[in-house]
file target.txt (compact mmCIF, C-alpha atoms)
# COMPACT_ATOMS: atom_id res chain seq x y z
CA MET A 1 0.00 0.00 0.00
CA THR A 2 1.47 3.35 -1.02
CA ASP A 3 -1.25 5.76 0.05
CA VAL A 4 -4.31 5.97 2.24
CA SER A 5 -7.55 7.78 1.52
CA CYS A 6 -8.80 10.86 3.35
CA LYS A 7 -11.53 8.66 4.84
CA THR A 8 -9.01 6.19 6.27
CA GLY A 9 -6.97 9.08 7.61
CA VAL A 10 -10.01 10.48 9.40
CA GLU A 11 -10.91 7.08 10.80
CA LEU A 12 -7.43 6.69 12.28
CA LEU A 13 -6.89 10.30 13.35
CA MET A 14 -7.55 9.88 17.06
CA ASP A 15 -5.40 6.75 17.24
CA TYR A 16 -2.67 8.60 15.36
CA LEU A 17 -2.79 11.51 17.79
CA GLU A 18 -2.65 9.14 20.76
CA GLU A 19 0.24 7.27 19.15
CA VAL A 20 -1.39 3.86 19.03
CA VAL A 21 -1.14 3.24 15.28
CA PRO A 22 1.69 1.02 13.96
CA ASP A 23 4.76 2.83 12.65
CA ASP A 24 4.18 1.84 9.02
CA MET A 25 0.63 3.20 9.09
CA ARG A 26 1.83 6.32 10.87
CA ALA A 27 4.27 6.98 8.04
CA LEU A 28 1.53 6.46 5.45
CA LEU A 29 -0.81 8.88 7.23
CA GLU A 30 1.88 11.55 7.53
CA SER A 31 2.78 11.14 3.87
CA HIS A 32 -0.88 11.49 2.86
CA VAL A 33 -1.52 14.61 4.96
CA ALA A 34 1.68 16.25 3.72
CA GLY A 35 0.26 16.14 0.19
CA CYS A 36 -3.42 16.69 0.96
CA PRO A 37 -4.54 20.27 1.76
CA LYS A 38 -8.05 18.97 2.48
CA CYS A 39 -6.84 16.67 5.23
CA ALA A 40 -4.57 19.38 6.64
CA ALA A 41 -7.58 21.71 6.84
CA PHE A 42 -9.77 19.00 8.31
CA ILE A 43 -7.21 18.22 11.02
CA ALA A 44 -6.94 21.90 11.96
CA SER A 45 -10.67 22.05 12.60
CA TYR A 46 -10.67 18.66 14.35
CA LEU A 47 -7.96 19.83 16.76
CA ALA A 48 -9.72 23.15 17.39
CA THR A 49 -13.06 21.55 18.27
CA PRO A 50 -12.26 20.51 21.89
CA ARG A 51 -10.75 23.91 22.68
CA ILE A 52 -13.73 25.83 21.30
CA LEU A 53 -16.22 23.70 23.21
CA ARG A 54 -14.12 23.78 26.38
CA ASP A 55 -14.00 27.58 26.34
CA ALA A 56 -17.69 27.91 25.44
CA THR A 57 -18.91 25.61 28.24
CA ALA A 58 -16.62 26.69 31.10
CA ALA A 59 -19.38 27.57 33.58
CA ALA A 60 -18.50 29.23 36.88
CA MET A 61 -20.34 27.99 39.96
CA PRO A 62 -22.69 30.71 41.26
CA PRO A 63 -22.05 31.69 44.91
CA GLU A 64 -25.64 30.84 45.89
CA VAL A 65 -25.19 27.31 44.53
CA GLN A 66 -21.98 26.97 46.56
CA ARG A 67 -23.76 28.09 49.71
CA SER A 68 -26.75 25.83 49.21
CA LEU A 69 -24.47 22.85 48.54
CA LEU A 70 -22.67 23.15 51.88
CA VAL A 71 -25.96 23.74 53.73
CA PHE A 72 -27.47 20.69 52.01
CA LEU A 73 -24.53 18.42 52.79
CA ARG A 74 -24.30 19.51 56.42
CA ALA A 75 -28.02 18.88 56.82
CA GLN A 76 -27.71 15.42 55.28
CA ARG A 77 -24.83 14.60 57.61
CA GLY A 78 -26.82 15.74 60.60
CA ASP A 79 -24.69 18.75 61.52
CA GLY A 80 -27.14 21.28 60.13
CA PRO A 81 -30.86 21.77 59.45
CA ARG A 82 -32.28 18.60 57.85
CA GLN A 83 -33.22 18.91 54.16
CA LYS A 84 -34.97 16.61 51.75
CA ALA A 85 -32.52 14.91 49.32
CA MET B 86 8.27 30.15 59.33
CA ALA B 87 7.28 26.81 57.87
CA VAL B 88 4.13 26.84 55.76
CA PRO B 89 1.77 24.03 56.76
CA GLU B 90 1.50 21.44 54.00
CA GLU B 91 -1.90 21.15 52.38
CA ALA B 92 -3.52 17.77 53.02
CA THR B 93 -3.79 15.56 49.95
CA ASP B 94 -7.20 14.61 48.60
CA GLU B 95 -6.58 11.03 49.69
CA THR B 96 -5.71 12.11 53.26
CA LEU B 97 -8.84 14.25 53.47
CA ALA B 98 -10.95 11.40 52.09
CA SER B 99 -9.52 9.03 54.66
CA ARG B 100 -10.26 11.47 57.49
CA ALA B 101 -13.75 12.16 56.15
CA GLY B 102 -14.38 8.43 55.96
CA LEU B 103 -13.59 8.22 59.67
CA GLY B 104 -16.20 10.86 60.45
CA ASP B 105 -14.24 14.10 60.16
CA ASN B 106 -16.87 16.44 58.70
CA HIS B 107 -14.41 19.33 58.38
CA ALA B 108 -12.33 17.15 56.08
CA PHE B 109 -15.38 16.48 53.93
CA ASP B 110 -16.17 20.20 53.82
CA GLU B 111 -12.60 20.77 52.64
CA ILE B 112 -13.03 18.17 49.88
CA THR B 113 -16.31 19.79 48.87
CA ILE B 114 -14.79 23.27 48.69
CA ARG B 115 -11.77 21.94 46.81
CA TYR B 116 -13.83 20.16 44.13
CA GLN B 117 -17.16 21.99 43.95
CA ALA B 118 -16.26 24.29 41.05
CA ARG B 119 -14.93 21.42 38.95
CA VAL B 120 -17.89 19.21 39.79
CA TYR B 121 -20.33 22.00 38.94
CA ARG B 122 -18.64 22.59 35.59
CA LEU B 123 -18.67 18.86 34.87
CA ALA B 124 -22.36 18.64 35.78
CA CYS B 125 -23.23 21.59 33.52
CA ARG B 126 -21.51 19.85 30.65
CA LEU B 127 -23.23 16.52 31.31
CA VAL B 128 -26.78 17.62 32.13
CA GLY B 129 -27.01 21.36 31.37
CA HIS B 130 -27.17 24.39 33.64
CA ASP B 131 -30.70 23.91 34.93
CA ASP B 132 -30.09 20.43 36.33
CA ALA B 133 -26.46 20.90 37.36
CA PRO B 134 -27.12 22.05 40.97
CA ASP B 135 -29.19 18.90 41.65
CA VAL B 136 -26.51 16.66 40.16
CA VAL B 137 -23.81 18.40 42.21
CA GLN B 138 -25.78 17.79 45.40
CA GLU B 139 -26.56 14.18 44.46
CA GLY B 140 -22.94 13.60 43.47
CA PHE B 141 -21.37 14.96 46.65
CA LEU B 142 -23.94 13.18 48.82
CA SER B 143 -23.12 9.93 47.03
CA VAL B 144 -19.40 10.58 47.55
CA TYR B 145 -20.05 11.13 51.27
CA ARG B 146 -22.08 7.94 51.56
CA HIS B 147 -19.47 5.87 49.73
CA LEU B 148 -16.33 7.21 51.40
CA ALA B 149 -15.93 3.98 53.35
CA SER B 150 -15.63 2.05 50.09
CA TYR B 151 -12.90 4.33 48.65
CA ARG B 152 -9.82 2.10 48.60
CA GLN B 153 -7.35 4.56 47.13
CA GLU B 154 -6.77 2.22 44.18
CA SER B 155 -7.30 5.22 41.92
CA ARG B 156 -6.75 8.91 42.57
CA PHE B 157 -9.49 10.47 44.67
CA GLY B 158 -10.33 12.91 41.87
CA THR B 159 -10.86 10.05 39.42
CA TRP B 160 -13.06 8.22 41.92
CA LEU B 161 -15.10 11.38 42.55
CA TYR B 162 -15.51 12.00 38.80
CA ARG B 163 -16.80 8.44 38.43
CA ILE B 164 -19.46 9.00 41.08
CA VAL B 165 -20.54 12.38 39.71
CA THR B 166 -20.62 11.09 36.13
CA ASN B 167 -22.83 8.19 37.24
CA ALA B 168 -25.08 10.61 39.13
CA ALA B 169 -25.40 12.72 36.00
CA LEU B 170 -26.25 9.72 33.83
CA MET B 171 -28.87 8.52 36.31
CA HIS B 172 -30.30 12.03 36.45
CA ARG B 173 -30.61 12.18 32.67
CA ARG B 174 -32.24 8.76 32.49
CA ALA B 175 -34.75 9.69 35.19
CA ARG B 176 -35.87 12.71 33.22
CA SER B 177 -38.11 12.35 30.22
CA ARG B 178 -36.44 14.45 27.57
CA ARG B 179 -37.95 15.36 24.26
CA PRO B 180 -36.32 13.56 21.33
CA VAL B 181 -33.61 15.65 19.71
CA GLU B 182 -32.15 15.51 16.23
CA SER B 183 -29.05 13.33 16.09
CA LEU B 184 -25.70 14.88 15.29
CA GLU B 185 -24.91 12.01 12.89
CA ALA B 186 -25.71 14.32 9.99
CA TYR B 187 -22.64 16.39 10.87
CA LEU B 188 -20.15 13.57 10.35
CA PRO B 189 -17.62 14.26 7.57
CA ARG B 190 -18.54 13.22 4.05
CA PHE B 191 -16.38 11.56 1.41
CA ASP B 192 -16.73 10.79 -2.29
CA ALA B 193 -16.64 7.29 -3.78
CA THR B 194 -12.83 7.26 -3.70
CA GLY B 195 -12.68 8.26 -0.05
CA ARG B 196 -11.67 11.88 -0.63
CA HIS B 197 -13.19 14.77 1.32
CA CYS B 198 -16.18 16.29 -0.49
CA HIS B 199 -15.38 19.89 0.49
CA THR B 200 -12.67 22.45 -0.19
CA PRO B 201 -9.88 23.13 2.33
CA VAL B 202 -11.47 26.48 3.21
CA GLU B 203 -14.81 24.80 3.90
CA LEU B 204 -13.16 21.99 5.86
CA GLN B 205 -11.31 24.43 8.10
CA VAL B 206 -14.19 26.79 8.91
CA ALA B 207 -15.12 24.98 12.15
CA ALA B 208 -11.74 26.03 13.57
CA HIS B 209 -12.93 29.63 13.40
CA ALA B 210 -16.39 29.16 14.90
CA ASP B 211 -15.39 31.07 18.02
CA GLU B 212 -14.29 34.05 15.92
CA LEU B 213 -17.36 34.02 13.69
CA LEU B 214 -20.03 33.60 16.35
CA ASP B 215 -21.18 35.77 19.20
CA ARG B 216 -19.73 34.46 22.48
CA ARG B 217 -23.10 34.08 24.19
CA ALA B 218 -24.70 32.39 21.18
CA LEU B 219 -21.77 29.99 20.92
CA ALA B 220 -22.07 29.09 24.60
CA GLU B 221 -25.76 28.26 24.14
CA GLU B 222 -25.14 26.29 20.96
CA ALA B 223 -22.25 24.39 22.53
CA THR B 224 -24.36 23.35 25.50
CA ALA B 225 -27.18 22.31 23.16
CA ALA B 226 -24.75 20.33 21.02
CA LEU B 227 -23.44 18.41 24.03
CA ASP B 228 -27.03 17.65 25.00
CA ARG B 229 -27.62 16.13 21.56
CA LEU B 230 -24.73 13.68 21.79
CA PRO B 231 -25.58 10.10 22.77
CA ASP B 232 -24.83 9.53 26.49
CA LEU B 233 -21.87 7.26 25.82
CA TYR B 234 -20.17 9.78 23.56
CA ARG B 235 -21.00 12.79 25.73
CA SER B 236 -19.49 11.42 28.92
CA ALA B 237 -16.31 10.27 27.15
CA PHE B 238 -15.90 13.56 25.27
CA VAL B 239 -16.63 15.75 28.29
CA LEU B 240 -14.20 13.89 30.54
CA ARG B 241 -11.43 13.56 27.95
CA ASP B 242 -11.60 16.82 26.02
CA LEU B 243 -13.39 19.31 28.26
CA GLU B 244 -12.25 18.19 31.72
CA GLU B 245 -8.92 17.14 30.19
CA LEU B 246 -8.52 13.79 31.91
CA THR B 247 -6.15 11.36 30.19
CA THR B 248 -7.60 8.56 28.10
CA ALA B 249 -6.51 6.08 30.79
CA GLU B 250 -8.29 8.12 33.49
CA VAL B 251 -11.47 8.33 31.42
CA ALA B 252 -11.31 4.57 30.91
CA ASP B 253 -11.04 4.18 34.69
CA VAL B 254 -13.96 6.55 35.33
CA LEU B 255 -16.22 4.89 32.76
CA GLY B 256 -15.07 1.32 33.39
CA VAL B 257 -14.18 0.65 29.74
CA GLU B 258 -11.03 -0.03 27.73
CA PRO B 259 -8.89 2.91 26.52
CA ALA B 260 -9.65 1.86 22.92
CA THR B 261 -13.36 2.31 23.63
CA VAL B 262 -12.71 5.77 25.04
CA ARG B 263 -10.75 6.73 21.93
CA GLN B 264 -13.52 5.48 19.67
CA ARG B 265 -16.24 7.39 21.56
CA VAL B 266 -14.24 10.61 21.89
CA HIS B 267 -13.29 10.49 18.21
CA ARG B 268 -16.89 10.03 17.12
CA ALA B 269 -17.99 12.92 19.35
CA ARG B 270 -15.23 15.17 18.01
CA LEU B 271 -16.26 14.40 14.42
CA MET B 272 -19.91 15.25 15.07
CA LEU B 273 -19.15 18.38 17.08
CA ARG B 274 -16.61 19.58 14.54
CA GLY B 275 -19.26 19.28 11.82
CA TYR B 276 -21.77 21.05 14.04
CA LEU B 277 -19.39 23.96 14.67
CA GLY B 278 -18.76 24.20 10.94
CA ALA B 279 -22.50 24.37 10.28
CA LEU B 280 -22.86 27.11 12.90
CA ALA B 281 -20.14 29.01 11.08
CA GLY B 282 -21.99 28.59 7.79
CA VAL B 283 -20.54 25.46 6.17
CA ARG B 284 -21.71 21.89 6.68
CA SER B 285 -18.50 19.96 5.92

call {"tool": "encode", "arguments": {"input": "target.txt", "output": "structure tokens"}}
result
Amino acid sequence: MTDVSCKTGVELLMDYLEEVVPDDMRALLESHVAGCPKCAAFIASYLATPRILRDATAAAMPPEVQRSLLVFLRAQRGDGPRQKA
Amino acid sequence: MAVPEEATDETLASRAGLGDNHAFDEITIRYQARVYRLACRLVGHDDAPDVVQEGFLSVYRHLASYRQESRFGTWLYRIVTNAALMHRRARSRRPVESLEAYLPRFDATGRHCHTPVELQVAAHADELLDRRALAEEATAALDRLPDLYRSAFVLRDLEELTTAEVADVLGVEPATVRQRVHRARLMLRGYLGALAGVRS
């Protein structure tokens, strides 16, 4: 085998990034991407996806939720006012 | 003057398991922000406070069974993730459109169907979309992932656990984690691209 398709490259992308593909396949994938602007563009967007979603969903805990959590847990343990679970 | 060393999570868990409520408060304060963020990502903002309470209460009740075979944080994430999954299953949710339609497409020879510019647009979704709108869309997108993919993706890519840690939390093989995270990334990448104007 002298080349892989874009589809095969996409299927193996996560394994490639986590370094669990065999060396010969790794070389084939790198060779393919080096000559394939489409795959290079696809990989850029694939790698950006976790970062974009991580930033967009980084919720801060509201102070009132923090307070009610400690009150709830102390009540459940019996060292505060009892609350329904 | 010597600075007192901060107790490790495992030390605090051990003390809490022996009835030291101050130690459990310390654990709660140490982890509450991370647990809240995790819960928001797994069940959404409205249900997150309930899941946080259920999760920490479950941690408290199971402290005696914590054997320190895995890091305390990993053990806690396992309990909270399970609490979130149970919470989702207990709620009747309206059916939502699958994200399968956002998987990448190829021609008969296995080549990408779109141009490089189209294929890369998802990488710029955060520059092209209003911050608030993106936050809402991102939360909605996570909600539309199948449970198995969501938990793996959230733990691996958003909470940034290692693949081995996610495997430990979910009780599956690392290869299964990789497969689920990869599938989620592909769908979410396509979804971001569509939000930015190109379904590729």

call {"tool": "atom_distance", "arguments": {"input": "target.txt", "atom1": "atom CA of B:Val144", "atom2": "atom CA of B:Val239"}}
result
20.1 Å

call {"tool": "closest_residue", "arguments": {"input": "target.txt", "among": "A:Val33, A:Val21, A:Leu12, A:Cys6", "to": "chain B", "atoms": "all atoms listed in the file"}}
result
A:Cys6

call {"tool": "closest_residue", "arguments": {"input": "target.txt", "among": "A:Glu64, A:Asp3, A:Asp24, A:Asp15", "to": "chain B", "atoms": "all atoms listed in the file"}}
result
A:Asp15

call {"tool": "interface_residues", "arguments": {"input": "target.txt", "of": "chain B", "to": "chain A", "cutoff": "6 Å", "atoms": "only C-alpha atoms", "output": "compact mmCIF listing (two decimals) with C-alpha atoms, in the coordinates of the input"}}
result
# COMPACT_ATOMS: atom_id res chain seq x y z
CA ALA B 118 -16.26 24.29 41.05
CA ARG B 122 -18.64 22.59 35.59
CA GLY B 195 -12.68 8.26 -0.05
CA ARG B 196 -11.67 11.88 -0.63
CA PRO B 201 -9.88 23.13 2.33
CA LEU B 204 -13.16 21.99 5.86
CA GLN B 205 -11.31 24.43 8.10
CA ALA B 207 -15.12 24.98 12.15
CA ALA B 208 -11.74 26.03 13.57
CA ALA B 220 -22.07 29.09 24.60
CA ASP B 242 -11.60 16.82 26.02
CA LEU B 243 -13.39 19.31 28.26
CA HIS B 267 -13.29 10.49 18.21
CA ARG B 274 -16.61 19.58 14.54

call {"tool": "axis_aligned_box", "arguments": {"input": "target.txt", "around": "stretch 223-236 of chain B", "padding_each_side": "8 Å", "output": "JSON"}}
result
{"center_x": -23.6, "center_y": 15.8, "center_z": 25.0, "size_x": 24.1, "size_y": 33.1, "size_z": 23.9}

call {"tool": "residues_near_point", "arguments": {"input": "target.txt", "point": "(-21.5, 10.3, 46.5)", "cutoff": "10 Å", "atoms": "all atoms listed in the file", "output": "NGL selection string"}}
result
:B and (137-148 or 160-165 or 167-168)

call {"tool": "write_last_selection", "arguments": {"input": "target.txt", "atoms": "C-alpha atoms", "output": "PDB file, keeping the file's coordinate frame"}}
result
ATOM      1  CA  VAL B 137     -23.810  18.400  42.210  1.00  0.00           C
ATOM      2  CA  GLN B 138     -25.780  17.790  45.400  1.00  0.00           C
ATOM      3  CA  GLU B 139     -26.560  14.180  44.460  1.00  0.00           C
ATOM      4  CA  GLY B 140     -22.940  13.600  43.470  1.00  0.00           C
ATOM      5  CA  PHE B 141     -21.370  14.960  46.650  1.00  0.00           C
ATOM      6  CA  LEU B 142     -23.940  13.180  48.820  1.00  0.00           C
ATOM      7  CA  SER B 143     -23.120   9.930  47.030  1.00  0.00           C
ATOM      8  CA  VAL B 144     -19.400  10.580  47.550  1.00  0.00           C
ATOM      9  CA  TYR B 145     -20.050  11.130  51.270  1.00  0.00           C
ATOM     10  CA  ARG B 146     -22.080   7.940  51.560  1.00  0.00           C
ATOM     11  CA  HIS B 147     -19.470   5.870  49.730  1.00  0.00           C
ATOM     12  CA  LEU B 148     -16.330   7.210  51.400  1.00  0.00           C
ATOM     13  CA  TRP B 160     -13.060   8.220  41.920  1.00  0.00           C
ATOM     14  CA  LEU B 161     -15.100  11.380  42.550  1.00  0.00           C
ATOM     15  CA  TYR B 162     -15.510  12.000  38.800  1.00  0.00           C
ATOM     16  CA  ARG B 163     -16.800   8.440  38.430  1.00  0.00           C
ATOM     17  CA  ILE B 164     -19.460   9.000  41.080  1.00  0.00           C
ATOM     18  CA  VAL B 165     -20.540  12.380  39.710  1.00  0.00           C
ATOM     19  CA  ASN B 167     -22.830   8.190  37.240  1.00  0.00           C
ATOM     20  CA  ALA B 168     -25.080  10.610  39.130  1.00  0.00           C
TER      21      ALA B 168
END

call {"tool": "decode", "arguments": {"input": "target.txt", "residues": "stretch 183-280 of chain B", "atoms": "C-alpha atoms", "output": "PDB file, in the first residue's frame"}}
result
ATOM      1  CA  SER B 183     -29.053  13.333  16.094  1.00  0.00           C
ATOM      2  CA  LEU B 184     -25.695  14.882  15.288  1.00  0.00           C
ATOM      3  CA  GLU B 185     -24.908  12.012  12.885  1.00  0.00           C
ATOM      4  CA  ALA B 186     -25.708  14.325   9.988  1.00  0.00           C
ATOM      5  CA  TYR B 187     -22.641  16.389  10.873  1.00  0.00           C
ATOM      6  CA  LEU B 188     -20.154  13.572  10.355  1.00  0.00           C
ATOM      7  CA  PRO B 189     -17.622  14.264   7.567  1.00  0.00           C
ATOM      8  CA  ARG B 190     -18.542  13.218   4.046  1.00  0.00           C
ATOM      9  CA  PHE B 191     -16.377  11.564   1.406  1.00  0.00           C
ATOM     10  CA  ASP B 192     -16.729  10.792  -2.294  1.00  0.00           C
ATOM     11  CA  ALA B 193     -16.645   7.290  -3.785  1.00  0.00           C
ATOM     12  CA  THR B 194     -12.828   7.257  -3.705  1.00  0.00           C
ATOM     13  CA  GLY B 195     -12.680   8.258  -0.053  1.00  0.00           C
ATOM     14  CA  ARG B 196     -11.670  11.885  -0.632  1.00  0.00           C
ATOM     15  CA  HIS B 197     -13.186  14.766   1.320  1.00  0.00           C
ATOM     16  CA  CYS B 198     -16.178  16.290  -0.487  1.00  0.00           C
ATOM     17  CA  HIS B 199     -15.379  19.886   0.492  1.00  0.00           C
ATOM     18  CA  THR B 200     -12.672  22.449  -0.193  1.00  0.00           C
ATOM     19  CA  PRO B 201      -9.880  23.130   2.327  1.00  0.00           C
ATOM     20  CA  VAL B 202     -11.468  26.477   3.211  1.00  0.00           C
ATOM     21  CA  GLU B 203     -14.808  24.797   3.900  1.00  0.00           C
ATOM     22  CA  LEU B 204     -13.156  21.993   5.859  1.00  0.00           C
ATOM     23  CA  GLN B 205     -11.315  24.428   8.101  1.00  0.00           C
ATOM     24  CA  VAL B 206     -14.187  26.787   8.907  1.00  0.00           C
ATOM     25  CA  ALA B 207     -15.115  24.980  12.151  1.00  0.00           C
ATOM     26  CA  ALA B 208     -11.743  26.032  13.572  1.00  0.00           C
ATOM     27  CA  HIS B 209     -12.933  29.632  13.399  1.00  0.00           C
ATOM     28  CA  ALA B 210     -16.391  29.161  14.900  1.00  0.00           C
ATOM     29  CA  ASP B 211     -15.388  31.069  18.024  1.00  0.00           C
ATOM     30  CA  GLU B 212     -14.286  34.050  15.922  1.00  0.00           C
ATOM     31  CA  LEU B 213     -17.356  34.017  13.687  1.00  0.00           C
ATOM     32  CA  LEU B 214     -20.026  33.595  16.345  1.00  0.00           C
ATOM     33  CA  ASP B 215     -21.183  35.768  19.198  1.00  0.00           C
ATOM     34  CA  ARG B 216     -19.730  34.462  22.475  1.00  0.00           C
ATOM     35  CA  ARG B 217     -23.099  34.075  24.190  1.00  0.00           C
ATOM     36  CA  ALA B 218     -24.698  32.385  21.181  1.00  0.00           C
ATOM     37  CA  LEU B 219     -21.767  29.995  20.917  1.00  0.00           C
ATOM     38  CA  ALA B 220     -22.074  29.087  24.604  1.00  0.00           C
ATOM     39  CA  GLU B 221     -25.759  28.255  24.142  1.00  0.00           C
ATOM     40  CA  GLU B 222     -25.137  26.293  20.962  1.00  0.00           C
ATOM     41  CA  ALA B 223     -22.248  24.390  22.531  1.00  0.00           C
ATOM     42  CA  THR B 224     -24.363  23.349  25.503  1.00  0.00           C
ATOM     43  CA  ALA B 225     -27.179  22.307  23.164  1.00  0.00           C
ATOM     44  CA  ALA B 226     -24.754  20.326  21.020  1.00  0.00           C
ATOM     45  CA  LEU B 227     -23.435  18.406  24.032  1.00  0.00           C
ATOM     46  CA  ASP B 228     -27.030  17.651  25.001  1.00  0.00           C
ATOM     47  CA  ARG B 229     -27.619  16.132  21.559  1.00  0.00           C
ATOM     48  CA  LEU B 230     -24.730  13.685  21.792  1.00  0.00           C
ATOM     49  CA  PRO B 231     -25.583  10.105  22.767  1.00  0.00           C
ATOM     50  CA  ASP B 232     -24.832   9.534  26.494  1.00  0.00           C
ATOM     51  CA  LEU B 233     -21.866   7.260  25.817  1.00  0.00           C
ATOM     52  CA  TYR B 234     -20.171   9.783  23.558  1.00  0.00           C
ATOM     53  CA  ARG B 235     -21.002  12.791  25.729  1.00  0.00           C
ATOM     54  CA  SER B 236     -19.486  11.423  28.920  1.00  0.00           C
ATOM     55  CA  ALA B 237     -16.312  10.267  27.148  1.00  0.00           C
ATOM     56  CA  PHE B 238     -15.899  13.563  25.266  1.00  0.00           C
ATOM     57  CA  VAL B 239     -16.625  15.750  28.289  1.00  0.00           C
ATOM     58  CA  LEU B 240     -14.196  13.892  30.537  1.00  0.00           C
ATOM     59  CA  ARG B 241     -11.428  13.563  27.951  1.00  0.00           C
ATOM     60  CA  ASP B 242     -11.603  16.816  26.017  1.00  0.00           C
ATOM     61  CA  LEU B 243     -13.392  19.307  28.257  1.00  0.00           C
ATOM     62  CA  GLU B 244     -12.247  18.190  31.716  1.00  0.00           C
ATOM     63  CA  GLU B 245      -8.923  17.136  30.190  1.00  0.00           C
ATOM     64  CA  LEU B 246      -8.522  13.786  31.905  1.00  0.00           C
ATOM     65  CA  THR B 247      -6.154  11.363  30.194  1.00  0.00           C
ATOM     66  CA  THR B 248      -7.597   8.563  28.097  1.00  0.00           C
ATOM     67  CA  ALA B 249      -6.507   6.083  30.790  1.00  0.00           C
ATOM     68  CA  GLU B 250      -8.287   8.125  33.486  1.00  0.00           C
ATOM     69  CA  VAL B 251     -11.474   8.325  31.419  1.00  0.00           C
ATOM     70  CA  ALA B 252     -11.314   4.571  30.910  1.00  0.00           C
ATOM     71  CA  ASP B 253     -11.037   4.184  34.686  1.00  0.00           C
ATOM     72  CA  VAL B 254     -13.962   6.553  35.333  1.00  0.00           C
ATOM     73  CA  LEU B 255     -16.224   4.886  32.764  1.00  0.00           C
ATOM     74  CA  GLY B 256     -15.065   1.320  33.393  1.00  0.00           C
ATOM     75  CA  VAL B 257     -14.184   0.648  29.740  1.00  0.00           C
ATOM     76  CA  GLU B 258     -11.030  -0.031  27.735  1.00  0.00           C
ATOM     77  CA  PRO B 259      -8.894   2.911  26.516  1.00  0.00           C
ATOM     78  CA  ALA B 260      -9.645   1.862  22.920  1.00  0.00           C
ATOM     79  CA  THR B 261     -13.359   2.305  23.632  1.00  0.00           C
ATOM     80  CA  VAL B 262     -12.710   5.769  25.043  1.00  0.00           C
ATOM     81  CA  ARG B 263     -10.747   6.726  21.935  1.00  0.00           C
ATOM     82  CA  GLN B 264     -13.523   5.479  19.668  1.00  0.00           C
ATOM     83  CA  ARG B 265     -16.239   7.389  21.562  1.00  0.00           C
ATOM     84  CA  VAL B 266     -14.244  10.612  21.890  1.00  0.00           C
ATOM     85  CA  HIS B 267     -13.291  10.488  18.212  1.00  0.00           C
ATOM     86  CA  ARG B 268     -16.889  10.028  17.120  1.00  0.00           C
ATOM     87  CA  ALA B 269     -17.986  12.917  19.347  1.00  0.00           C
ATOM     88  CA  ARG B 270     -15.230  15.170  18.010  1.00  0.00           C
ATOM     89  CA  LEU B 271     -16.265  14.405  14.422  1.00  0.00           C
ATOM     90  CA  MET B 272     -19.905  15.246  15.067  1.00  0.00           C
ATOM     91  CA  LEU B 273     -19.146  18.376  17.082  1.00  0.00           C
ATOM     92  CA  ARG B 274     -16.606  19.577  14.538  1.00  0.00           C
ATOM     93  CA  GLY B 275     -19.261  19.282  11.817  1.00  0.00           C
ATOM     94  CA  TYR B 276     -21.773  21.053  14.040  1.00  0.00           C
ATOM     95  CA  LEU B 277     -19.388  23.961  14.666  1.00  0.00           C
ATOM     96  CA  GLY B 278     -18.761  24.197  10.939  1.00  0.00           C
ATOM     97  CA  ALA B 279     -22.501  24.374  10.279  1.00  0.00           C
ATOM     98  CA  LEU B 280     -22.863  27.106  12.902  1.00  0.00           C
TER      99      LEU B 280
END
